[in-house]
file upload00.csv (CSV, C-alpha atoms)
chain,number,residue,atom,x,y,z
H,1,MET,CA,-8.2,-10.3,-161.3
H,2,ASN,CA,-10.1,-11.0,-158.1
H,3,GLN,CA,-12.1,-13.7,-160.0
H,4,ILE,CA,-9.0,-15.5,-161.2
H,5,LEU,CA,-7.7,-15.9,-157.6
H,6,ARG,CA,-10.9,-17.5,-156.4
H,7,ARG,CA,-11.5,-21.2,-156.2
H,8,PRO,CA,-14.2,-22.5,-158.6
H,9,ILE,CA,-17.5,-21.7,-157.1
H,10,TRP,CA,-18.8,-25.3,-157.4
H,11,ARG,CA,-15.9,-26.6,-155.4
H,12,LYS,CA,-16.5,-24.0,-152.7
H,13,ALA,CA,-20.3,-24.7,-152.5
H,14,GLY,CA,-19.8,-28.5,-152.6
H,15,GLY,CA,-17.2,-28.4,-149.8
H,16,LEU,CA,-19.3,-26.3,-147.6
H,17,ALA,CA,-22.3,-28.5,-148.1
H,18,VAL,CA,-20.2,-31.6,-147.1
H,19,LEU,CA,-18.9,-29.7,-144.1
H,20,ALA,CA,-22.4,-28.6,-143.2
H,21,ALA,CA,-23.7,-32.1,-143.4
H,22,ALA,CA,-20.9,-33.4,-141.2
H,23,LEU,CA,-21.4,-30.6,-138.7
H,24,ILE,CA,-25.2,-31.2,-138.4
H,25,LEU,CA,-24.9,-35.0,-138.2
H,26,GLY,CA,-22.2,-34.6,-135.6
H,27,LEU,CA,-24.2,-32.2,-133.5
H,28,ALA,CA,-27.3,-34.3,-133.7
H,29,ALA,CA,-25.4,-37.4,-132.7
H,30,CYS,CA,-24.1,-35.8,-129.6
H,31,TYR,CA,-27.3,-34.2,-128.5
H,32,PRO,CA,-27.4,-34.5,-124.7
H,33,ALA,CA,-29.1,-37.6,-123.5
H,34,GLY,CA,-31.6,-38.0,-120.7
H,35,PRO,CA,-31.9,-41.0,-118.3
H,36,GLU,CA,-29.6,-43.8,-119.2
H,37,ASN,CA,-31.1,-46.4,-116.8
H,38,LEU,CA,-34.3,-46.9,-115.0
H,39,GLY,CA,-32.9,-46.1,-111.6
H,40,GLU,CA,-32.3,-42.5,-112.7
H,41,ILE,CA,-36.0,-41.6,-113.0
H,42,GLY,CA,-36.9,-42.2,-109.4
H,43,VAL,CA,-38.2,-39.3,-107.3
H,44,VAL,CA,-38.9,-38.7,-103.6
H,45,VAL,CA,-41.7,-36.3,-102.8
H,46,THR,CA,-42.7,-35.1,-99.3
H,47,PHE,CA,-45.5,-32.8,-98.2
H,48,ARG,CA,-45.8,-31.2,-94.9
H,49,ASN,CA,-49.2,-30.1,-93.5
H,50,PRO,CA,-48.6,-26.4,-92.7
H,51,GLN,CA,-51.1,-26.7,-89.8
H,52,GLY,CA,-49.5,-29.8,-88.5
H,53,ASP,CA,-48.0,-29.8,-85.0
H,54,PHE,CA,-44.6,-31.5,-84.9
H,55,SER,CA,-43.7,-30.5,-81.4
H,56,ASN,CA,-43.4,-32.8,-78.4
H,57,LEU,CA,-43.7,-36.0,-80.4
H,58,LYS,CA,-42.1,-39.1,-78.8
H,59,THR,CA,-43.9,-42.3,-79.7
H,60,TYR,CA,-45.2,-43.9,-82.9
H,61,ALA,CA,-47.0,-47.0,-84.0
H,62,MET,CA,-47.6,-48.8,-87.3
H,63,GLU,CA,-49.0,-52.0,-88.6
H,64,ASP,CA,-46.6,-54.4,-90.2
H,65,VAL,CA,-48.5,-54.3,-93.4
H,66,VAL,CA,-48.2,-52.4,-96.7
H,67,ALA,CA,-51.6,-51.7,-98.0
H,68,GLU,CA,-52.5,-52.5,-101.6
H,69,LEU,CA,-53.3,-49.3,-103.3
H,70,GLU,CA,-55.2,-49.0,-106.6
H,71,LYS,CA,-54.9,-46.5,-109.2
H,72,PRO,CA,-58.5,-45.7,-110.3
H,73,GLY,CA,-59.1,-46.6,-113.9
H,74,ASP,CA,-55.8,-48.2,-114.4
H,75,ASP,CA,-56.2,-51.9,-115.2
H,76,SER,CA,-52.4,-52.4,-115.0
H,77,SER,CA,-52.3,-51.6,-111.3
H,78,GLU,CA,-51.1,-54.5,-109.2
H,79,PRO,CA,-49.8,-55.2,-105.7
H,80,ILE,CA,-46.1,-54.7,-105.1
H,81,ASN,CA,-43.9,-57.8,-105.0
H,82,PRO,CA,-44.1,-59.2,-101.5
H,83,VAL,CA,-40.3,-59.5,-101.4
H,84,PHE,CA,-40.2,-55.7,-101.0
H,85,ILE,CA,-42.6,-55.5,-98.1
H,86,PRO,CA,-40.1,-56.2,-95.3
H,87,ILE,CA,-37.6,-53.8,-96.9
H,88,ILE,CA,-40.2,-51.1,-96.8
H,89,LEU,CA,-41.3,-51.8,-93.2
H,90,GLU,CA,-37.7,-52.1,-92.0
H,91,GLY,CA,-36.7,-48.9,-93.8
H,92,LEU,CA,-39.5,-46.9,-92.2
H,93,GLN,CA,-39.0,-48.3,-88.8
H,94,SER,CA,-35.3,-47.6,-89.0
H,95,GLN,CA,-35.7,-44.1,-90.1
H,96,MET,CA,-38.4,-43.3,-87.5
H,97,GLU,CA,-36.0,-44.5,-84.8
H,98,ALA,CA,-33.2,-42.5,-86.3
H,99,ALA,CA,-35.5,-39.5,-86.0
H,100,GLY,CA,-35.8,-40.2,-82.3
H,101,PHE,CA,-39.2,-41.9,-82.2
H,102,THR,CA,-39.9,-44.9,-79.9
H,103,ARG,CA,-42.2,-47.5,-81.3
H,104,GLU,CA,-45.2,-48.2,-79.0
H,105,PRO,CA,-45.5,-52.0,-78.9
H,106,ASP,CA,-49.1,-52.0,-77.6
H,107,PRO,CA,-50.9,-49.1,-79.3
H,108,GLU,CA,-54.4,-50.4,-78.3
H,109,THR,CA,-53.5,-49.9,-74.6
H,110,ASN,CA,-51.0,-47.0,-74.8
H,111,LYS,CA,-51.9,-44.4,-77.4
H,112,PRO,CA,-48.9,-43.4,-79.5
H,113,ASP,CA,-48.4,-39.7,-80.5
H,114,VAL,CA,-48.4,-40.5,-84.2
H,115,TRP,CA,-49.5,-43.4,-86.5
H,116,LEU,CA,-47.6,-44.3,-89.6
H,117,SER,CA,-49.4,-46.0,-92.4
H,118,VAL,CA,-48.0,-47.2,-95.7
H,119,GLY,CA,-49.3,-48.4,-99.0
H,120,ALA,CA,-47.8,-49.3,-102.4
H,121,VAL,CA,-48.8,-50.0,-106.0
H,122,VAL,CA,-47.2,-51.1,-109.2
H,123,SER,CA,-48.4,-49.9,-112.5
H,124,GLU,CA,-47.3,-50.2,-116.1
H,125,VAL,CA,-45.8,-47.1,-117.7
H,126,TRP,CA,-45.7,-46.8,-121.5
H,127,VAL,CA,-43.2,-44.5,-123.1
H,128,TYR,CA,-43.6,-43.2,-126.7
H,129,TRP,CA,-41.0,-41.4,-128.6
H,130,TYR,CA,-40.2,-40.1,-132.0
H,131,ASP,CA,-36.9,-41.0,-133.5
H,132,TRP,CA,-35.0,-41.0,-136.7
H,133,GLY,CA,-35.5,-43.9,-139.0
H,134,TYR,CA,-32.4,-46.1,-139.4
H,135,GLY,CA,-32.0,-48.5,-142.2
H,136,GLY,CA,-30.2,-51.6,-142.6
H,137,TYR,CA,-31.3,-53.5,-139.5
H,138,PRO,CA,-32.7,-56.9,-140.5
H,139,GLY,CA,-36.5,-56.8,-140.5
H,140,TRP,CA,-36.7,-53.1,-139.7
H,141,GLY,CA,-36.8,-51.8,-143.3
H,142,TRP,CA,-36.4,-48.1,-144.0
H,143,TYR,CA,-38.4,-45.5,-142.2
H,144,TYR,CA,-37.9,-41.8,-142.7
H,145,PRO,CA,-38.8,-39.5,-139.8
H,146,PRO,CA,-40.5,-39.8,-137.7
H,147,TYR,CA,-41.2,-43.4,-136.7
H,148,VAL,CA,-42.7,-44.0,-133.3
H,149,GLY,CA,-41.0,-46.2,-130.8
H,150,THR,CA,-42.7,-47.6,-127.7
H,151,ALA,CA,-41.5,-49.3,-124.5
H,152,SER,CA,-42.9,-50.0,-121.2
H,153,PHE,CA,-41.7,-50.7,-117.7
H,154,GLN,CA,-43.1,-51.2,-114.3
H,155,GLN,CA,-43.3,-48.3,-112.0
H,156,GLY,CA,-43.6,-48.7,-108.3
H,157,THR,CA,-45.1,-46.1,-105.9
H,158,ILE,CA,-44.8,-46.3,-102.1
H,159,ILE,CA,-46.7,-43.7,-100.1
H,160,TRP,CA,-46.7,-43.4,-96.3
H,161,GLN,CA,-48.3,-40.9,-94.0
H,162,LEU,CA,-48.0,-39.7,-90.5
H,163,HIS,CA,-51.2,-39.0,-88.5
H,164,ASP,CA,-51.2,-37.0,-85.2
H,165,LEU,CA,-53.2,-39.1,-82.7
H,166,ARG,CA,-52.8,-36.8,-79.7
H,167,GLU,CA,-56.1,-35.1,-80.2
H,168,VAL,CA,-58.0,-38.3,-80.9
H,169,ASP,CA,-59.7,-40.0,-78.0
H,170,ASP,CA,-60.1,-43.4,-79.6
H,171,PRO,CA,-57.7,-44.1,-82.5
H,172,THR,CA,-59.4,-47.4,-83.1
H,173,ASP,CA,-62.7,-45.6,-83.9
H,174,PRO,CA,-63.1,-45.8,-87.8
H,175,GLU,CA,-64.9,-42.5,-87.6
H,176,ALA,CA,-61.9,-40.7,-86.0
H,177,LYS,CA,-60.1,-38.5,-88.5
H,178,PRO,CA,-56.7,-37.7,-86.9
H,179,PRO,CA,-54.9,-34.8,-88.5
H,180,LEU,CA,-52.5,-35.8,-91.3
H,181,ASN,CA,-49.1,-34.2,-90.6
H,182,TRP,CA,-46.9,-35.6,-93.3
H,183,VAL,CA,-47.1,-37.5,-96.5
H,184,ALA,CA,-44.1,-38.9,-98.4
H,185,ALA,CA,-43.9,-40.9,-101.6
H,186,LEU,CA,-41.3,-42.8,-103.6
H,187,ASN,CA,-41.9,-43.2,-107.3
H,188,GLY,CA,-39.6,-45.0,-109.5
H,189,ALA,CA,-39.0,-47.9,-111.9
H,190,LEU,CA,-38.8,-51.4,-110.7
H,191,ARG,CA,-35.6,-52.8,-112.0
H,192,ASN,CA,-34.9,-56.3,-113.3
H,193,ASN,CA,-32.5,-56.9,-110.5
H,194,PRO,CA,-34.6,-57.0,-107.2
H,195,ALA,CA,-31.4,-56.1,-105.2
H,196,SER,CA,-31.2,-52.8,-107.1
H,197,THR,CA,-34.9,-52.0,-106.3
H,198,GLU,CA,-34.4,-52.9,-102.7
H,199,ALA,CA,-31.4,-50.5,-102.5
H,200,ASP,CA,-33.6,-47.8,-104.2
H,201,ILE,CA,-36.3,-48.3,-101.7
H,202,THR,CA,-34.0,-48.1,-98.7
H,203,SER,CA,-32.2,-45.0,-100.0
H,204,GLY,CA,-35.5,-43.4,-101.0
H,205,ILE,CA,-37.0,-43.8,-97.6
H,206,LYS,CA,-33.8,-42.4,-96.0
H,207,GLN,CA,-34.0,-39.4,-98.4
H,208,ALA,CA,-37.6,-38.7,-97.6
H,209,PHE,CA,-36.7,-38.3,-93.9
H,210,ALA,CA,-33.6,-36.3,-94.7
H,211,GLN,CA,-35.6,-33.8,-96.7
H,212,SER,CA,-38.2,-33.5,-93.9
H,213,PRO,CA,-36.1,-32.5,-90.9
H,214,TYR,CA,-39.3,-31.4,-89.1
H,215,VAL,CA,-40.3,-35.1,-88.7
H,216,ALA,CA,-38.4,-35.6,-85.5
H,217,ALA,CA,-39.2,-36.7,-81.9
H,218,THR,CA,-38.5,-34.2,-79.1
H,219,GLY,CA,-34.9,-34.3,-78.1
H,220,ALA,CA,-33.8,-36.2,-81.2
H,221,GLY,CA,-31.5,-33.4,-82.1
H,222,LYS,CA,-32.1,-34.0,-85.8
U,1,MET,CA,-36.0,-30.8,-132.0
U,2,LYS,CA,-34.8,-33.5,-134.4
U,3,ARG,CA,-37.2,-32.0,-137.0
U,4,PHE,CA,-35.5,-28.7,-136.5
U,5,ILE,CA,-32.1,-30.4,-136.9
U,6,ALA,CA,-33.3,-31.9,-140.2
U,7,LEU,CA,-34.4,-28.5,-141.4
U,8,LEU,CA,-31.2,-26.7,-140.4
U,9,GLY,CA,-29.2,-29.5,-142.0
U,10,LEU,CA,-31.1,-29.1,-145.2
U,11,LEU,CA,-30.7,-25.3,-145.2
U,12,LEU,CA,-27.0,-25.7,-144.6
U,13,ILE,CA,-26.5,-28.2,-147.3
U,14,LEU,CA,-28.6,-26.4,-149.9
U,15,ALA,CA,-27.7,-22.8,-149.2
U,16,PRO,CA,-24.1,-22.7,-150.3
U,17,ALA,CA,-24.9,-23.4,-153.9
U,18,GLY,CA,-27.5,-20.7,-154.0
U,19,ALA,CA,-25.6,-18.1,-152.0
U,20,ALA,CA,-22.4,-18.5,-153.9
U,21,ARG,CA,-23.8,-17.4,-157.2
U,22,ALA,CA,-23.0,-13.7,-157.1
U,23,ASP,CA,-19.6,-12.3,-156.4
U,24,ASN,CA,-20.7,-10.0,-153.6
U,25,ASN,CA,-22.3,-12.9,-151.7
U,26,SER,CA,-20.5,-15.0,-149.3
U,27,PHE,CA,-21.6,-18.0,-147.3
U,28,GLY,CA,-20.2,-19.5,-144.2
U,29,ILE,CA,-20.9,-22.2,-141.7
U,30,ALA,CA,-19.5,-22.3,-138.2
U,31,TRP,CA,-19.1,-24.6,-135.2
U,32,GLY,CA,-20.1,-22.8,-132.1
U,33,ILE,CA,-18.6,-23.3,-128.6
U,34,SER,CA,-20.6,-21.4,-126.0
U,35,VAL,CA,-20.3,-20.4,-122.4
U,36,PRO,CA,-23.6,-19.7,-120.7
U,37,THR,CA,-23.9,-16.6,-118.6
U,38,GLY,CA,-26.5,-15.0,-116.4
U,39,ASP,CA,-29.8,-16.8,-116.0
U,40,THR,CA,-28.8,-19.4,-118.7
U,41,ASN,CA,-25.8,-20.2,-116.6
U,42,ASP,CA,-28.0,-20.6,-113.5
U,43,PHE,CA,-30.1,-23.1,-115.4
U,44,ALA,CA,-27.5,-25.1,-117.3
U,45,SER,CA,-24.0,-24.1,-116.5
U,46,LYS,CA,-21.9,-26.5,-118.6
U,47,MET,CA,-19.9,-25.1,-121.4
U,48,SER,CA,-21.5,-26.2,-124.7
U,49,PHE,CA,-19.8,-27.7,-127.7
U,50,ARG,CA,-23.1,-28.2,-129.4
U,51,GLY,CA,-23.6,-25.2,-131.6
U,52,ALA,CA,-23.7,-24.4,-135.2
U,53,SER,CA,-24.6,-21.4,-137.4
U,54,ALA,CA,-25.0,-20.7,-141.0
U,55,GLU,CA,-24.7,-17.2,-142.5
U,56,TRP,CA,-24.9,-15.2,-145.6
U,57,ARG,CA,-23.2,-11.9,-146.1
U,58,ASN,CA,-23.5,-9.5,-149.0
U,59,PHE,CA,-20.6,-7.1,-149.5
U,60,TYR,CA,-22.4,-4.0,-150.7
U,61,LEU,CA,-19.1,-2.1,-150.1
U,62,ARG,CA,-15.6,-3.5,-150.2
U,63,ASP,CA,-15.4,-3.1,-146.5
U,64,ALA,CA,-19.0,-3.5,-145.3
U,65,ALA,CA,-21.5,-6.3,-145.5
U,66,TYR,CA,-25.1,-7.0,-144.4
U,67,GLY,CA,-26.5,-10.5,-144.1
U,68,LEU,CA,-28.6,-13.0,-142.4
U,69,ASN,CA,-27.6,-15.9,-140.1
U,70,VAL,CA,-29.3,-18.7,-138.2
U,71,GLY,CA,-27.8,-20.8,-135.4
U,72,TRP,CA,-28.5,-23.5,-132.9
U,73,ASN,CA,-27.0,-23.7,-129.4
U,74,VAL,CA,-27.7,-26.4,-126.9
U,75,PHE,CA,-26.9,-26.2,-123.2
U,76,ASN,CA,-27.5,-28.9,-120.6
U,77,GLU,CA,-26.8,-29.9,-117.0
U,78,ASP,CA,-27.9,-32.8,-114.9
U,79,ASP,CA,-27.6,-33.5,-111.2
U,80,VAL,CA,-29.3,-35.1,-108.3
U,81,SER,CA,-30.9,-32.4,-106.3
U,82,THR,CA,-33.6,-31.6,-103.8
U,83,VAL,CA,-36.0,-28.8,-104.8
U,84,SER,CA,-37.8,-27.3,-101.8
U,85,PHE,CA,-41.1,-25.5,-101.8
U,86,ALA,CA,-43.0,-23.9,-98.9
U,87,ASN,CA,-44.4,-27.2,-97.6
U,88,ALA,CA,-43.0,-29.8,-100.0
U,89,ALA,CA,-39.7,-31.1,-101.3
U,90,VAL,CA,-38.8,-33.2,-104.3
U,91,THR,CA,-35.6,-35.1,-104.8
U,92,GLY,CA,-34.5,-36.8,-108.0
U,93,LYS,CA,-32.1,-36.7,-110.9
U,94,ARG,CA,-32.8,-33.5,-112.8
U,95,TRP,CA,-31.9,-32.8,-116.4
U,96,ASN,CA,-32.0,-29.2,-117.6
U,97,TYR,CA,-31.8,-28.3,-121.3
U,98,VAL,CA,-31.7,-25.0,-123.1
U,99,ASN,CA,-32.2,-25.1,-126.9
U,100,ALA,CA,-31.7,-21.8,-128.6
U,101,VAL,CA,-32.2,-20.9,-132.2
U,102,PRO,CA,-31.1,-17.4,-133.0
U,103,VAL,CA,-32.2,-15.9,-136.3
U,104,TYR,CA,-30.5,-12.6,-137.0
U,105,ALA,CA,-30.1,-9.9,-139.6
U,106,SER,CA,-26.5,-8.6,-139.4
U,107,TRP,CA,-24.2,-5.8,-140.4
U,108,PHE,CA,-20.4,-5.9,-140.3
U,109,LYS,CA,-17.7,-3.3,-140.8
U,110,TYR,CA,-14.4,-4.7,-142.1
U,111,PHE,CA,-11.1,-3.0,-141.2
U,112,SER,CA,-9.6,-3.6,-144.6
U,113,ASP,CA,-11.0,-3.6,-148.1
U,114,ASP,CA,-8.7,-6.3,-149.5
U,115,ARG,CA,-10.7,-9.5,-149.7
U,116,ARG,CA,-7.6,-11.5,-150.3
U,117,SER,CA,-6.0,-10.7,-147.0
U,118,SER,CA,-6.9,-11.4,-143.4
U,119,ARG,CA,-9.4,-8.9,-142.2
U,120,PHE,CA,-10.8,-8.0,-138.8
U,121,TYR,CA,-14.5,-7.2,-138.6
U,122,ALA,CA,-17.0,-6.0,-136.1
U,123,GLY,CA,-20.7,-5.8,-136.3
U,124,MET,CA,-24.1,-6.4,-134.8
U,125,ASN,CA,-26.7,-9.1,-135.2
U,126,VAL,CA,-30.3,-8.1,-134.5
U,127,GLY,CA,-33.3,-10.4,-134.6
U,128,SER,CA,-35.1,-13.0,-132.6
U,129,SER,CA,-34.1,-16.1,-130.7
U,130,TRP,CA,-36.4,-19.0,-130.1
U,131,ILE,CA,-35.4,-20.5,-126.7
U,132,GLU,CA,-36.8,-23.6,-125.1
U,133,ARG,CA,-35.9,-24.4,-121.5
U,134,ARG,CA,-36.8,-27.9,-120.3
U,135,THR,CA,-36.5,-29.7,-117.0
U,136,ASP,CA,-36.9,-33.5,-116.8
U,137,ILE,CA,-37.3,-35.1,-113.4
U,138,GLY,CA,-38.6,-38.5,-112.9
U,139,LEU,CA,-41.3,-39.1,-115.5
U,140,VAL,CA,-42.2,-35.4,-115.5
U,141,SER,CA,-41.1,-32.9,-118.1
U,142,LEU,CA,-41.6,-29.2,-117.6
U,143,LYS,CA,-40.8,-26.9,-120.5
U,144,GLU,CA,-41.3,-23.4,-121.7
U,145,SER,CA,-40.4,-21.8,-125.0
U,146,ASN,CA,-40.6,-18.2,-126.2
U,147,TRP,CA,-39.4,-16.0,-129.0
U,148,HIS,CA,-37.1,-13.4,-127.6
U,149,PHE,CA,-36.0,-10.1,-129.2
U,150,ALA,CA,-32.2,-10.6,-129.3
U,151,LEU,CA,-29.0,-8.8,-130.0
U,152,ALA,CA,-25.5,-10.3,-130.6
U,153,PRO,CA,-22.5,-7.9,-131.0
U,154,GLU,CA,-19.8,-9.8,-132.8
U,155,VAL,CA,-16.1,-9.4,-133.6
U,156,GLY,CA,-14.1,-11.7,-135.7
U,157,TRP,CA,-11.2,-12.3,-138.1
U,158,GLN,CA,-11.8,-13.3,-141.6
U,159,LEU,CA,-9.0,-15.3,-143.0
U,160,PRO,CA,-7.6,-15.2,-146.6
U,161,TRP,CA,-9.6,-17.0,-149.2
U,162,ASP,CA,-7.0,-19.8,-149.6
U,163,SER,CA,-6.8,-20.7,-145.9
U,164,PHE,CA,-8.3,-23.9,-144.4
U,165,LEU,CA,-10.5,-22.0,-142.0
U,166,GLY,CA,-12.8,-19.3,-143.2
U,167,TYR,CA,-13.2,-17.1,-140.2
U,168,VAL,CA,-13.2,-17.1,-136.4
U,169,GLY,CA,-15.4,-14.9,-134.3
U,170,VAL,CA,-16.9,-14.3,-131.0
U,171,ARG,CA,-20.4,-13.0,-130.3
U,172,TYR,CA,-22.4,-12.3,-127.2
U,173,HIS,CA,-26.0,-13.4,-127.5
U,174,TYR,CA,-28.4,-11.4,-125.4
U,175,ALA,CA,-32.0,-12.5,-125.7
U,176,PHE,CA,-34.3,-10.2,-123.8
U,177,GLU,CA,-36.9,-11.3,-121.3
U,178,ALA,CA,-40.0,-13.0,-122.8
U,179,GLY,CA,-42.9,-14.8,-121.4
U,180,ASN,CA,-42.0,-16.2,-118.0
U,181,MET,CA,-38.4,-16.5,-119.0
U,182,ASP,CA,-35.7,-14.0,-117.9
U,183,ALA,CA,-33.1,-12.7,-120.3
U,184,GLN,CA,-30.9,-15.5,-121.7
U,185,GLN,CA,-27.3,-14.9,-122.5
U,186,TRP,CA,-24.3,-16.8,-123.7
U,187,LEU,CA,-20.9,-16.1,-125.2
U,188,GLU,CA,-20.2,-18.0,-128.5
U,189,PHE,CA,-16.9,-18.7,-130.1
U,190,LYS,CA,-17.3,-19.4,-133.8
U,191,ILE,CA,-14.9,-21.5,-135.9
U,192,GLY,CA,-16.1,-21.0,-139.4
U,193,PHE,CA,-15.6,-22.3,-142.9
U,194,GLY,CA,-16.3,-20.4,-146.1
U,195,LEU,CA,-17.0,-16.6,-146.1
U,196,ASP,CA,-14.3,-16.0,-148.6
call {"tool": "encode", "arguments": {"input": "upload00.csv", "output": "structure tokens"}}
result
Amino acid sequence: MNQILRRPIWRKAGGLAVLAAALILGLAACYPAGPENLGEIGVVVTFRNPQGDFSNLKTYAMEDVVAELEKPGDDSSEPINPVFIPIILEGLQSQMEAAGFTREPDPETNKPDVWLSVGAVVSEVWVYWYDWGYGGYPGWGWYYPPYVGTASFQQGTIIWQLHDLREVDDPTDPEAKPPLNWVAALNGALRNNPASTEADITSGIKQAFAQSPYVAATGAGK
Amino acid sequence: MKRFIALLGLLLILAPAGAARADNNSFGIAWGISVPTGDTNDFASKMSFRGASAEWRNFYLRDAAYGLNVGWNVFNEDDVSTVSFANAAVTGKRWNYVNAVPVYASWFKYFSDDRRSSRFYAGMNVGSSWIERRTDIGLVSLKESNWHFALAPEVGWQLPWDSFLGYVGVRYHYAFEAGNMDAQQWLEFKIGFGLD
């Protein structure tokens, strides 16, 4: 009697298989995505020297240059686009002043408390991924998993560091090794639109100072 | 992960025909909606609509069944945050993912022996859960995966054979600590087809 009431087994199995296929394809299609644009993969990293003395700092100095850095063994390394250099320098100067520092206009005569130096490099980043094969696109043909996709973009890195000059007699001496108190870096993709990259640089520099509240001049109240 | 989806899909598509051969056997598939709790919630707190499970039950008695089931649950969360260490800090957009594949042997007690009527059931799933936790930030990806001993008590309601839905249930997954990963937990609501 029980058998008579049941649906034909082939119908049940077939229906479940169709449902299963739909469920799995649906779930795979809505698998959570990662970065959706290049601006999302930028990071701001800061390091503090645990032996560094951040007390009683007032003045700073810097050269109005961004040094060209090289990544050893990477032929794709190249200098950053000069259009970004004033943005970097203005961003750093603005944040140093916001942190209460006063720029020493004549560092050769009047030794500043700290020296800020900055460098930048651009390099190519290749990304590889495995993906499902899709058919039907002209010229793509059919591939069944996995097929390997590749893409590349330009990644920019800006690094700056703060040296404590107070214990150094002659900061112009190339043998002098003033203590390194703080290192900060921005790393992110250079976007097609330079204005977007400029905005990323400005906000990245601001963030580096924000996450390093110990970088502050005496009385800055930061 | 997509390779795993392909395998699970194949299993789900092929299994019904095989499992439906004998009258005591029953096969079901379910969509799983999950709420992370405990350490899983700390890592990826969003409610997940990405879950599925397939199960086979053998009714060795009219009101009791043993079986097997395999599932897949995905949790994710993203935000822009600053992670601070002793003398360093990193800011960036962070994506956290949890991928869990529980594989259980199960036993269920049914509170009626009439397979043509709605029946409540309660039981226990015992097995292992493969869990991967991944954090992507910038161009860096950090991940860890482990097999955890896992339990999942479950209660549910099996609907009559001629209803559109097969069964609804709720189970609490508890995957014990393994490797460097704390215990992972989530509550899953199952909306199932089949199991008649």
call {"tool": "residues_around", "arguments": {"input": "upload00.csv", "residues": "stretch 170-184 of chain H", "least_positions_apart": "4", "cutoff": "6 Å", "atoms": "all atoms listed in the file", "output": "list in words"}}
result
Val45, Thr46, Phe47, Arg48, Asn49, Gly52, Ile159, Trp160, Gln161, Leu162, His163, Asp164 and Leu165 of chain H
call {"tool": "closest_residue", "arguments": {"input": "upload00.csv", "among": "U:Phe85, U:Phe164, U:Phe176, U:Tyr66", "to": "U:Gly123", "atoms": "all atoms listed in the file"}}
result
U:Tyr66
call {"tool": "residues_around", "arguments": {"input": "upload00.csv", "residues": "stretch 89-104 of chain H", "least_positions_apart": "5", "cutoff": "6 Å", "atoms": "all atoms listed in the file", "output": "PyMOL selection string"}}
result
chain H and resi 58-61+202+216-217+220
call {"tool": "write_last_selection", "arguments": {"input": "upload00.csv", "atoms": "C-alpha atoms", "output": "mmCIF file, in the coordinates of the input"}}
result
data_model
loop_
_atom_site.group_PDB
_atom_site.id
_atom_site.type_symbol
_atom_site.label_atom_id
_atom_site.label_comp_id
_atom_site.auth_asym_id
_atom_site.auth_seq_id
_atom_site.Cartn_x
_atom_site.Cartn_y
_atom_site.Cartn_z
ATOM 1 C CA LYS H 58 -42.100 -39.100 -78.800
ATOM 2 C CA THR H 59 -43.900 -42.300 -79.700
ATOM 3 C CA TYR H 60 -45.200 -43.900 -82.900
ATOM 4 C CA ALA H 61 -47.000 -47.000 -84.000
ATOM 5 C CA THR H 202 -34.000 -48.100 -98.700
ATOM 6 C CA ALA H 216 -38.400 -35.600 -85.500
ATOM 7 C CA ALA H 217 -39.200 -36.700 -81.900
ATOM 8 C CA ALA H 220 -33.800 -36.200 -81.200
#
call {"tool": "closest_residue", "arguments": {"input": "upload00.csv", "among": "U:Glu154, U:Asp162, U:Asp114, U:Glu132", "to": "U:Thr40", "atoms": "all atoms listed in the file"}}
result
U:Glu132
call {"tool": "atom_distance", "arguments": {"input": "upload00.csv", "atom1": "atom CA of U:Asn24", "atom2": "atom CA of U:Ser129"}}
result
27.2 Å
call {"tool": "atom_distance", "arguments": {"input": "upload00.csv", "atom1": "atom CA of H:Gln207", "atom2": "atom CA of H:Leu69"}}
result
22.2 Å
call {"tool": "atom_distance", "arguments": {"input": "upload00.csv", "atom1": "atom CA of U:Leu195", "atom2": "atom CA of U:Gly166"}}
result
5.8 Å
call {"tool": "residues_around", "arguments": {"input": "upload00.csv", "residues": "U:Val170", "least_positions_apart": "4", "cutoff": "6 Å", "atoms": "all atoms listed in the file", "output": "count of residues only"}}
result
5
call {"tool": "residues_near_point", "arguments": {"input": "upload00.csv", "point": "(-11.3, -5.0, -148.0)", "cutoff": "6 Å", "atoms": "all atoms listed in the file", "output": "list in words"}}
result
Arg62, Asp63, Ser112, Asp113, Asp114 and Arg115 of chain U
call {"tool": "residues_around", "arguments": {"input": "upload00.csv", "residues": "U:Trp147", "least_positions_apart": "2", "cutoff": "8 Å", "atoms": "only C-alpha atoms", "output": "list in words"}}
result
Ser128, Ser129, Trp130, Ile131, Ser145, Phe149 and Ala178 of chain U
call {"tool": "closest_residue", "arguments": {"input": "upload00.csv", "among": "U:Ala175, U:Val103, U:Ala64, U:Val70", "to": "U:Ala52", "atoms": "all atoms listed in the file"}}
result
U:Val70
call {"tool": "residues_around", "arguments": {"input": "upload00.csv", "residues": "U:Gly169", "least_positions_apart": "4", "cutoff": "12 Å", "atoms": "all atoms listed in the file", "output": "ChimeraX atom specification"}}
result
/U:28-34,53,108,119-123,152-159,165,187-193
call {"tool": "closest_residue", "arguments": {"input": "upload00.csv", "among": "U:Val74, U:Leu68, U:Met47, U:Ala88", "to": "chain H", "atoms": "all atoms listed in the file"}}
result
U:Ala88
call {"tool": "closest_residue", "arguments": {"input": "upload00.csv", "among": "H:Leu57, H:Ala120, H:Ala189, H:Val215", "to": "chain U", "atoms": "all atoms listed in the file"}}
result
H:Ala189
call {"tool": "closest_residue", "arguments": {"input": "upload00.csv", "among": "U:Ser163, U:Ser48, U:Asn87, U:Asn41", "to": "chain H", "atoms": "all atoms listed in the file"}}
result
U:Asn87
